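S.K.: As input, take structure15.cif (mmCIF, C-alpha atoms):
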```cif
data_structure
loop_
_atom_site.label_atom_id
_atom_site.label_comp_id
_atom_site.auth_asym_id
_atom_site.auth_seq_id
_atom_site.Cartn_x
_atom_site.Cartn_y
_atom_site.Cartn_z
CA MET Z 17 -10.75 -38.06 -17.59
CA GLU Z 18 -14.13 -39.76 -17.34
CA GLN Z 19 -14.00 -43.54 -17.17
CA PRO Z 20 -16.72 -46.20 -17.47
CA MET Z 21 -17.11 -48.05 -14.21
CA ASP Z 22 -16.61 -51.55 -15.63
CA ALA Z 23 -16.14 -53.57 -18.79
CA ARG Z 24 -19.50 -55.36 -18.69
CA PRO Z 25 -22.11 -54.56 -21.33
CA GLY Z 26 -23.67 -51.25 -20.35
CA GLY Z 27 -20.89 -50.40 -17.90
CA GLU Z 28 -20.42 -47.11 -19.74
CA GLN Z 29 -23.81 -46.11 -18.32
CA VAL Z 30 -21.98 -44.60 -15.34
CA LEU Z 31 -18.88 -42.42 -15.74
CA TYR Z 32 -16.33 -41.58 -13.05
CA ALA Z 33 -13.70 -38.84 -12.94
CA VAL Z 34 -11.63 -37.24 -10.17
CA GLU Z 35 -10.29 -33.68 -10.26
CA GLN Z 36 -9.42 -31.24 -7.45
CA GLY Z 37 -10.50 -33.76 -4.85
CA VAL Z 38 -13.99 -34.14 -6.40
CA ALA Z 39 -15.23 -37.45 -7.77
CA THR Z 40 -17.77 -36.68 -10.48
CA ILE Z 41 -20.20 -39.53 -11.08
CA THR Z 42 -22.30 -39.11 -14.22
CA LEU Z 43 -25.37 -41.16 -15.04
CA ASN Z 44 -24.83 -41.74 -18.75
CA ARG Z 45 -27.96 -42.91 -20.58
CA PRO Z 46 -29.01 -39.55 -22.04
CA ASP Z 47 -31.30 -41.10 -24.68
CA ALA Z 48 -33.32 -42.71 -21.87
CA MET Z 49 -33.20 -39.71 -19.49
CA ASN Z 50 -30.72 -41.75 -17.45
CA ALA Z 51 -33.34 -44.29 -16.41
CA LEU Z 52 -31.76 -46.91 -14.20
CA THR Z 53 -31.08 -50.42 -15.49
CA ILE Z 54 -29.77 -53.29 -13.37
CA VAL Z 55 -26.29 -52.85 -14.84
CA MET Z 56 -26.44 -49.11 -14.27
CA LYS Z 57 -27.46 -49.50 -10.63
CA ALA Z 58 -24.59 -51.91 -10.02
CA ALA Z 59 -22.15 -49.51 -11.68
CA LEU Z 60 -23.49 -46.56 -9.68
CA LEU Z 61 -22.99 -48.41 -6.41
CA GLU Z 62 -19.47 -49.37 -7.51
CA ALA Z 63 -18.71 -45.71 -8.29
CA LEU Z 64 -20.00 -44.54 -4.91
CA GLU Z 65 -17.97 -47.18 -3.08
CA ARG Z 66 -14.89 -46.20 -5.06
CA ALA Z 67 -15.38 -42.54 -4.12
CA ARG Z 68 -15.84 -43.56 -0.49
CA ASP Z 69 -12.59 -45.54 -0.44
CA GLU Z 70 -10.25 -43.34 -2.47
CA ALA Z 71 -8.21 -41.12 -0.18
CA ASP Z 72 -7.78 -38.37 -2.79
CA VAL Z 73 -11.56 -37.98 -3.07
CA ARG Z 74 -12.94 -35.52 -0.53
CA ALA Z 75 -16.31 -34.67 -2.11
CA VAL Z 76 -18.65 -36.28 -4.63
CA LEU Z 77 -20.65 -34.67 -7.44
CA LEU Z 78 -23.56 -36.70 -8.86
CA THR Z 79 -25.18 -35.58 -12.11
CA GLY Z 80 -26.80 -36.82 -15.31
CA ALA Z 81 -25.79 -36.62 -18.94
CA GLY Z 82 -28.01 -34.88 -21.48
CA ARG Z 83 -31.38 -33.26 -20.73
CA GLY Z 84 -32.30 -35.21 -17.61
CA PHE Z 85 -30.89 -36.00 -14.20
CA CYS Z 86 -32.56 -39.39 -13.76
CA ALA Z 87 -36.01 -40.65 -14.71
CA GLY Z 88 -35.91 -43.38 -12.07
CA GLN Z 89 -36.33 -47.05 -12.84
CA ASP Z 90 -36.06 -48.15 -16.47
CA LEU Z 91 -39.67 -49.18 -17.04
CA ARG Z 92 -38.90 -51.19 -20.19
CA GLU Z 93 -36.61 -53.44 -18.19
CA HIS Z 94 -39.17 -53.53 -15.38
CA ALA Z 95 -41.98 -54.49 -17.77
CA GLU Z 96 -39.87 -57.40 -19.03
CA ASN Z 97 -39.40 -58.56 -15.44
CA LEU Z 98 -43.15 -58.36 -14.84
CA ALA Z 99 -43.87 -60.32 -18.01
CA ALA Z 100 -41.39 -62.99 -16.92
CA GLY Z 101 -43.04 -63.23 -13.51
CA ALA Z 102 -40.02 -61.73 -11.70
CA GLY Z 103 -41.90 -58.73 -10.30
CA LEU Z 104 -39.52 -56.17 -8.83
CA ASP Z 105 -36.80 -58.85 -8.91
CA ASP Z 106 -35.77 -57.65 -5.42
CA THR Z 107 -34.16 -54.55 -6.97
CA VAL Z 108 -35.20 -52.30 -4.07
CA ARG Z 109 -33.29 -54.37 -1.51
CA ALA Z 110 -30.49 -55.46 -3.83
CA HIS Z 111 -29.82 -52.15 -5.60
CA TYR Z 112 -31.66 -49.04 -4.48
CA ASN Z 113 -31.24 -49.46 -0.74
CA PRO Z 114 -27.44 -50.01 -0.93
CA ILE Z 115 -27.08 -47.02 -3.28
CA VAL Z 116 -28.96 -44.69 -0.94
CA LEU Z 117 -27.04 -45.96 2.09
CA ALA Z 118 -23.78 -45.43 0.20
CA ILE Z 119 -24.73 -41.78 -0.38
CA THR Z 120 -26.06 -41.01 3.09
CA GLY Z 121 -23.35 -43.01 4.83
CA MET Z 122 -20.54 -41.47 2.80
CA GLY Z 123 -18.11 -39.77 5.18
CA LYS Z 124 -17.67 -37.07 2.54
CA PRO Z 125 -20.08 -34.41 1.22
CA VAL Z 126 -22.21 -35.36 -1.78
CA VAL Z 127 -23.61 -32.73 -4.16
CA ALA Z 128 -26.33 -33.47 -6.72
CA ALA Z 129 -26.33 -31.32 -9.86
CA VAL Z 130 -29.91 -31.72 -11.10
CA ASN Z 131 -29.64 -30.78 -14.76
CA GLY Z 132 -33.20 -31.51 -15.88
CA TYR Z 133 -36.05 -33.92 -15.25
CA ALA Z 134 -35.90 -36.14 -12.16
CA ALA Z 135 -38.59 -38.68 -11.36
CA GLY Z 136 -39.24 -41.46 -8.87
CA ALA Z 137 -35.99 -43.00 -7.67
CA GLY Z 138 -34.16 -40.24 -9.54
CA VAL Z 139 -35.63 -37.69 -7.13
CA SER Z 140 -34.87 -40.01 -4.23
CA LEU Z 141 -31.19 -40.15 -5.22
CA ALA Z 142 -31.00 -36.35 -5.27
CA LEU Z 143 -32.76 -36.08 -1.90
CA ALA Z 144 -30.25 -38.49 -0.36
CA CYS Z 145 -27.39 -36.11 -1.25
CA ASP Z 146 -26.20 -33.42 1.16
CA PHE Z 147 -26.69 -30.57 -1.32
CA ARG Z 148 -28.86 -30.22 -4.42
CA VAL Z 149 -28.08 -27.55 -7.01
CA ALA Z 150 -30.85 -27.43 -9.62
CA ALA Z 151 -30.98 -25.87 -13.07
CA GLU Z 152 -33.88 -23.48 -13.62
CA ASN Z 153 -35.40 -25.98 -16.05
CA ALA Z 154 -35.22 -28.91 -13.59
CA ARG Z 155 -38.44 -30.65 -12.57
CA PHE Z 156 -39.09 -33.13 -9.80
CA ALA Z 157 -41.85 -35.74 -9.93
CA MET Z 158 -42.47 -38.27 -7.17
CA ALA Z 159 -43.87 -40.55 -9.83
CA PHE Z 160 -44.27 -43.76 -7.82
CA SER Z 161 -48.07 -43.58 -7.49
CA ALA Z 162 -48.42 -43.03 -11.25
CA ILE Z 163 -47.37 -46.66 -11.74
CA ALA Z 164 -49.21 -47.87 -8.63
CA LEU Z 165 -46.15 -48.24 -6.44
CA GLY Z 166 -45.17 -46.88 -3.05
CA PRO Z 167 -42.01 -44.85 -2.50
CA ASP Z 168 -38.52 -46.32 -2.50
CA SER Z 169 -34.88 -45.28 -2.33
CA GLY Z 170 -35.48 -43.48 0.96
CA ALA Z 171 -38.10 -40.99 -0.27
CA SER Z 172 -40.38 -41.72 2.68
CA TRP Z 173 -37.50 -40.76 5.01
CA THR Z 174 -35.82 -37.85 3.22
CA LEU Z 175 -38.79 -36.04 1.68
CA PRO Z 176 -40.81 -35.33 4.88
CA ARG Z 177 -37.63 -34.16 6.62
CA LEU Z 178 -37.13 -31.59 3.87
CA VAL Z 179 -40.69 -30.43 3.13
CA GLY Z 180 -42.75 -31.60 6.11
CA ALA Z 181 -45.06 -34.58 6.53
CA ALA Z 182 -48.18 -33.07 4.94
CA LYS Z 183 -46.42 -31.81 1.82
CA ALA Z 184 -44.53 -35.10 1.44
CA ARG Z 185 -47.84 -36.97 1.53
CA GLU Z 186 -49.23 -34.64 -1.16
CA LEU Z 187 -46.19 -34.94 -3.43
CA LEU Z 188 -46.04 -38.72 -3.10
CA MET Z 189 -49.75 -39.43 -3.49
CA LEU Z 190 -50.60 -36.93 -6.23
CA GLY Z 191 -47.26 -37.13 -8.03
CA ASP Z 192 -47.59 -33.68 -9.62
CA PRO Z 193 -44.28 -32.36 -10.97
CA VAL Z 194 -42.61 -29.53 -9.07
CA ASP Z 195 -40.47 -27.01 -10.94
CA ALA Z 196 -37.10 -25.82 -9.65
CA ALA Z 197 -38.41 -22.58 -8.14
CA GLU Z 198 -41.13 -24.41 -6.19
CA ALA Z 199 -38.63 -27.08 -5.12
CA ALA Z 200 -36.42 -24.34 -3.69
CA ARG Z 201 -39.37 -22.77 -1.87
CA LEU Z 202 -40.26 -26.14 -0.35
CA GLY Z 203 -36.68 -26.83 0.73
CA MET Z 204 -36.09 -29.71 -1.69
CA VAL Z 205 -33.06 -28.04 -3.28
CA THR Z 206 -30.19 -25.95 -1.96
CA SER Z 207 -30.10 -23.46 -4.84
CA VAL Z 208 -31.40 -22.83 -8.35
CA VAL Z 209 -29.18 -21.46 -11.12
CA PRO Z 210 -29.54 -20.85 -14.87
CA ALA Z 211 -29.05 -24.07 -16.81
CA GLU Z 212 -25.89 -22.79 -18.46
CA GLU Z 213 -24.36 -22.10 -15.04
CA LEU Z 214 -25.28 -25.38 -13.38
CA ALA Z 215 -22.10 -27.34 -14.08
CA ARG Z 216 -19.88 -24.53 -12.83
CA SER Z 217 -22.00 -23.69 -9.78
CA ALA Z 218 -22.32 -27.30 -8.65
CA ARG Z 219 -18.63 -27.95 -9.23
CA ASP Z 220 -17.62 -24.79 -7.35
CA LEU Z 221 -19.63 -26.01 -4.37
CA ALA Z 222 -18.12 -29.50 -4.59
CA VAL Z 223 -14.58 -28.09 -4.82
CA ARG Z 224 -15.24 -25.82 -1.85
CA LEU Z 225 -16.37 -28.84 0.16
CA ALA Z 226 -13.39 -30.89 -1.04
CA GLN Z 227 -11.10 -28.22 0.37
CA GLY Z 228 -12.85 -28.25 3.74
CA PRO Z 229 -12.51 -30.36 6.92
CA THR Z 230 -13.60 -33.70 5.47
CA LEU Z 231 -13.72 -35.64 8.75
CA ALA Z 232 -15.74 -32.88 10.40
CA TYR Z 233 -18.22 -32.99 7.53
CA GLY Z 234 -18.54 -36.72 8.05
CA ALA Z 235 -19.17 -36.16 11.76
CA ILE Z 236 -21.88 -33.60 10.97
CA LYS Z 237 -23.64 -36.07 8.65
CA GLN Z 238 -23.41 -38.81 11.26
CA ALA Z 239 -24.71 -36.58 14.06
CA LEU Z 240 -27.68 -35.36 12.03
CA ASP Z 241 -28.69 -38.83 10.89
CA PHE Z 242 -28.38 -40.22 14.42
CA SER Z 243 -30.31 -37.42 16.10
CA ALA Z 244 -33.21 -37.75 13.62
CA ALA Z 245 -34.49 -40.79 15.50
CA GLN Z 246 -32.98 -40.47 18.98
CA PRO Z 247 -33.83 -38.60 22.19
CA LEU Z 248 -31.82 -35.52 23.14
CA GLU Z 249 -29.75 -37.32 25.77
CA ASP Z 250 -28.52 -39.88 23.25
CA ALA Z 251 -27.88 -37.16 20.65
CA LEU Z 252 -25.76 -35.26 23.17
CA SER Z 253 -23.75 -38.39 23.88
CA MET Z 254 -23.17 -38.97 20.17
CA GLU Z 255 -22.08 -35.35 19.72
CA ALA Z 256 -19.55 -35.75 22.53
CA ASP Z 257 -18.13 -38.92 20.97
CA LEU Z 258 -17.85 -37.27 17.56
CA GLN Z 259 -16.23 -34.15 19.02
CA ASP Z 260 -13.67 -36.31 20.80
CA ALA Z 261 -12.82 -37.97 17.49
CA CYS Z 262 -12.67 -34.68 15.56
CA ALA Z 263 -10.47 -33.10 18.23
CA LYS Z 264 -7.78 -35.65 17.42
CA THR Z 265 -7.63 -34.81 13.72
CA GLU Z 266 -4.83 -32.87 12.07
CA ASP Z 267 -7.39 -30.52 10.54
CA HIS Z 268 -8.69 -29.48 13.97
CA HIS Z 269 -5.21 -28.82 15.32
CA SER Z 270 -4.23 -26.92 12.17
CA ALA Z 271 -7.44 -24.85 12.18
CA THR Z 272 -6.99 -23.95 15.85
CA ARG Z 273 -3.43 -22.77 15.25
CA ALA Z 274 -4.59 -20.79 12.19
CA PHE Z 275 -7.34 -19.11 14.22
CA LEU Z 276 -4.89 -17.99 16.90
CA ALA Z 277 -2.50 -16.72 14.24
CA LYS Z 278 -5.35 -14.94 12.42
CA GLN Z 279 -4.65 -17.00 9.31
CA ARG Z 280 -6.92 -18.88 6.94
CA PRO Z 281 -6.83 -22.62 7.73
CA VAL Z 282 -5.77 -25.15 5.12
CA TYR Z 283 -7.53 -28.48 5.54
CA GLU Z 284 -6.04 -31.77 4.37
CA GLY Z 285 -8.90 -34.07 5.24
CA ARG Z 286 -6.97 -35.83 8.01
#
```
Would you write out, as structure tokens, the structure that this file holds?
M.R.:
Amino acid sequence: MEQPMDARPGGEQVLYAVEQGVATITLNRPDAMNALTIVMKAALLEALERARDEADVRAVLLTGAGRGFCAGQDLREHAENLAAGAGLDDTVRAHYNPIVLAITGMGKPVVAAVNGYAAGAGVSLALACDFRVAAENARFAMAFSAIALGPDSGASWTLPRLVGAAKARELLMLGDPVDAAEAARLGMVTSVVPAEELARSARDLAVRLAQGPTLAYGAIKQALDFSAAQPLEDALSMEADLQDACAKTEDHHSATRAFLAKQRPVYEGR
């Protein structure tokens, strides 16, 4: 059953449900294309931290309600801050950065189901996830320059690693929308499916991941993030440390026994 993340006004803007080891987090402002308010950002971070800490959660599915995934920052709220002289009100440091770090640092796989339009920080949130399943009607717009802002929410880090430095520069500076097919060609999304199949396809992937070796997935995420900015020698050392840790898990011992017995392993995430 989906639950609002808190009892504060607007707390119903983020819904949370757990089934089959998958925590589904739904951005729930469909009338505003799930544009992010201060309350919504706080609730999203709370949901991600809850998924991180709950032992029965072994994968996370992030999606949006209605026609859009996430249109980024709520510009009405932002305009009010500008009019009051508050500027960005430190929301990048206080909200967006912790949210992105919660996704990338999650020791569990995170799947984004991009069900429609994604813009600005909404694209950044999807790019921070481990997998992105997009509906055929999804569109991605790095819309920061359209309102005379630079990138945030990790876009300057994730986007060039997915599409290359030159294409990232083009997408960020020009801000032209990219449809789902082009996003797949560029490497921005994992797969594209018909809109009516998105929920099932994304959930099937999340369930598959939830049934896998959770701690090994976490080690893979950690190794990839570490090696992105380290020399080979240090990356090799990190791999050795992570392998030592994984070798002590019940999942590794169980999978090794299953391999020798020619059986399919059953992972418990321990």
S.K.: Can you list, as a ChimeraX atom specification, every protein, DNA or RNA residue that comes within 7 Å of Gly285 of chain Z when you count only C-alpha atoms, leaving out same-chain residues fewer than 3 positions away?
M.R.: /Z:229-231,267
S.K.: Please identify every residue of segment 139-222 of chain Z that has at least one atom no farther than 10 Å from an atom of segment 80-101 of chain Z, counting all atoms listed in the file, and for each give the shortest atom pair and the distance in Å to one decimal, arranged by chain then increasing number, as a Markdown table.
M.R.:
```
| residue | atom | partner | partner_atom | distance |
| --- | --- | --- | --- | --- |
| Z:Val139 | CA | Z:Cys86 | CA | 7.5 |
| Z:Ser140 | CA | Z:Gly88 | CA | 8.6 |
| Z:Leu141 | CA | Z:Cys86 | CA | 8.7 |
| Z:Ala142 | CA | Z:Phe85 | CA | 8.9 |
| Z:Ala150 | CA | Z:Phe85 | CA | 9.7 |
| Z:Asn153 | CA | Z:Arg83 | CA | 9.5 |
| Z:Ala154 | CA | Z:Gly84 | CA | 8.0 |
| Z:Arg155 | CA | Z:Gly84 | CA | 9.2 |
| Z:Phe156 | CA | Z:Ala87 | CA | 9.5 |
| Z:Ala157 | CA | Z:Ala87 | CA | 9.0 |
| Z:Met158 | CA | Z:Gly88 | CA | 9.7 |
| Z:Ala159 | CA | Z:Gly88 | CA | 8.7 |
| Z:Phe160 | CA | Z:Gly88 | CA | 9.4 |
| Z:Ile163 | CA | Z:Leu91 | CA | 9.7 |
| Z:Ser169 | CA | Z:Gly88 | CA | 10.0 |
```
S.K.: Which residue, Z:Asp241, Z:Glu35, Z:Asp72, Z:Asp47, has the smallest gap to Arg286 of chain Z when you use all atoms listed in the file?
M.R.: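 So, comparing all the options, the nearest one is Z:Asp72.
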S.K.: Show me, as a list in words, the residues that have an atom within 9 Å of Ile119 of chain Z when counting all atoms listed in the file, minus same-chain residues fewer than 5 positions from it.
M.R.: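 The contact residues come out as Leu64, Pro114, Lys124, Pro125, Val126, Leu141, Ala144, Cys145 and Asp146 of chain Z.
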S.K.: Can you list what the PyMOL selection byres ((chain Z and resi 268) around 12) grabs from this structure, as a PyMOL selection string?
M.R.: chain Z and resi 228-232+259-267+269-275+281-286
S.K.: Between Z:Ala244, Z:Ala135, Z:Ala226, Z:Leu221, which is the closest to Leu52 of chain Z once you count all atoms listed in the file?
M.R.: Z:Ala135
S.K.: If you apply the PyMOL selection byres ((chain Z and resi 164) around 12) to this file, what residues do you get, as a PDB file with C-alpha atoms, in the coordinates of the input?
M.R.:
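Written file, result_20.pdb:
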```
ATOM      1  CA  GLY Z 136     -39.240 -41.460  -8.870  1.00  0.00           C
ATOM      2  CA  MET Z 158     -42.470 -38.270  -7.170  1.00  0.00           C
ATOM      3  CA  ALA Z 159     -43.870 -40.550  -9.830  1.00  0.00           C
ATOM      4  CA  PHE Z 160     -44.270 -43.760  -7.820  1.00  0.00           C
ATOM      5  CA  SER Z 161     -48.070 -43.580  -7.490  1.00  0.00           C
ATOM      6  CA  ALA Z 162     -48.420 -43.030 -11.250  1.00  0.00           C
ATOM      7  CA  ILE Z 163     -47.370 -46.660 -11.740  1.00  0.00           C
ATOM      8  CA  LEU Z 165     -46.150 -48.240  -6.440  1.00  0.00           C
ATOM      9  CA  GLY Z 166     -45.170 -46.880  -3.050  1.00  0.00           C
ATOM     10  CA  PRO Z 167     -42.010 -44.850  -2.500  1.00  0.00           C
ATOM     11  CA  LEU Z 188     -46.040 -38.720  -3.100  1.00  0.00           C
ATOM     12  CA  MET Z 189     -49.750 -39.430  -3.490  1.00  0.00           C
ATOM     13  CA  LEU Z 190     -50.600 -36.930  -6.230  1.00  0.00           C
ATOM     14  CA  GLY Z 191     -47.260 -37.130  -8.030  1.00  0.00           C
TER      15      GLY Z 191
END
```
S.K.: Dig up all the protein and nucleic acid residues within 10 Å of (-13.6, -42.4, -7.9) in the file frame, using only C-alpha atoms, and format them as a PyMOL selection string.
M.R.: chain Z and resi 18-19+21+31-35+37-41+62-73+76
S.K.: Using only C-alpha atoms, which of the listed residues (Z:His111, Z:Arg224, Z:Arg201, Z:Arg280) sits closest to Ala137 of chain Z?
M.R.: Z:His111
S.K.: Within 8 Å of Ile54 of chain Z, counting all atoms listed in the file, which residues qualify if same-chain residues fewer than 3 places away don't, as a PyMOL selection string?
M.R.: chain Z and resi 57-58+107+111
S.K.: Which distance in Å separates atom CA of Asn50 of chain Z and atom CA of Gly132 of chain Z, to one decimal?
M.R.: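 One can read the atom CA of Asn50 of chain Z to atom CA of Gly132 of chain Z distance as 10.7 Å.
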S.K.: Mind giving me the axis-aligned box for segment 126-136 of chain Z with 3 Å on every side, centre plus edges in Å to one decimal, as JSON?
M.R.:
```
{"center_x": -30.7, "center_y": -36.1, "center_z": -8.8, "size_x": 23.0, "size_y": 16.7, "size_z": 20.1}
```
S.K.: Pick the closest to Ala197 of chain Z from Z:Ala181, Z:Ala129, Z:Ala151, Z:Ala211: which is it, counting only C-alpha atoms?
M.R.: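 That would be Z:Ala151, the residue with the smallest distance to Ala197 of chain Z.
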S.K.: Residues near Ala184 of chain Z, anyone? I mean within 10 Å using all atoms listed in the file, not counting same-chain ones fewer than 6 positions away, as a PyMOL selection string.
M.R.: chain Z and resi 158+171-178+190
S.K.: If I take atom CA of Thr206 of chain Z and atom CA of Val149 of chain Z, how far is one from the other in Å, to one decimal?
M.R.: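 Taking atom CA of Thr206 of chain Z as the start and atom CA of Val149 of chain Z as the end point, the length is 5.7 Å.
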S.K.: Mind checking which residues fall within 12 Å of Leu258 of chain Z, counting all atoms listed in the file, ignoring those fewer than 5 positions away in the same chain, and posting them as a VMD selection string?
M.R.: chain Z and resid 231 to 240 242 251 to 253 263 to 265
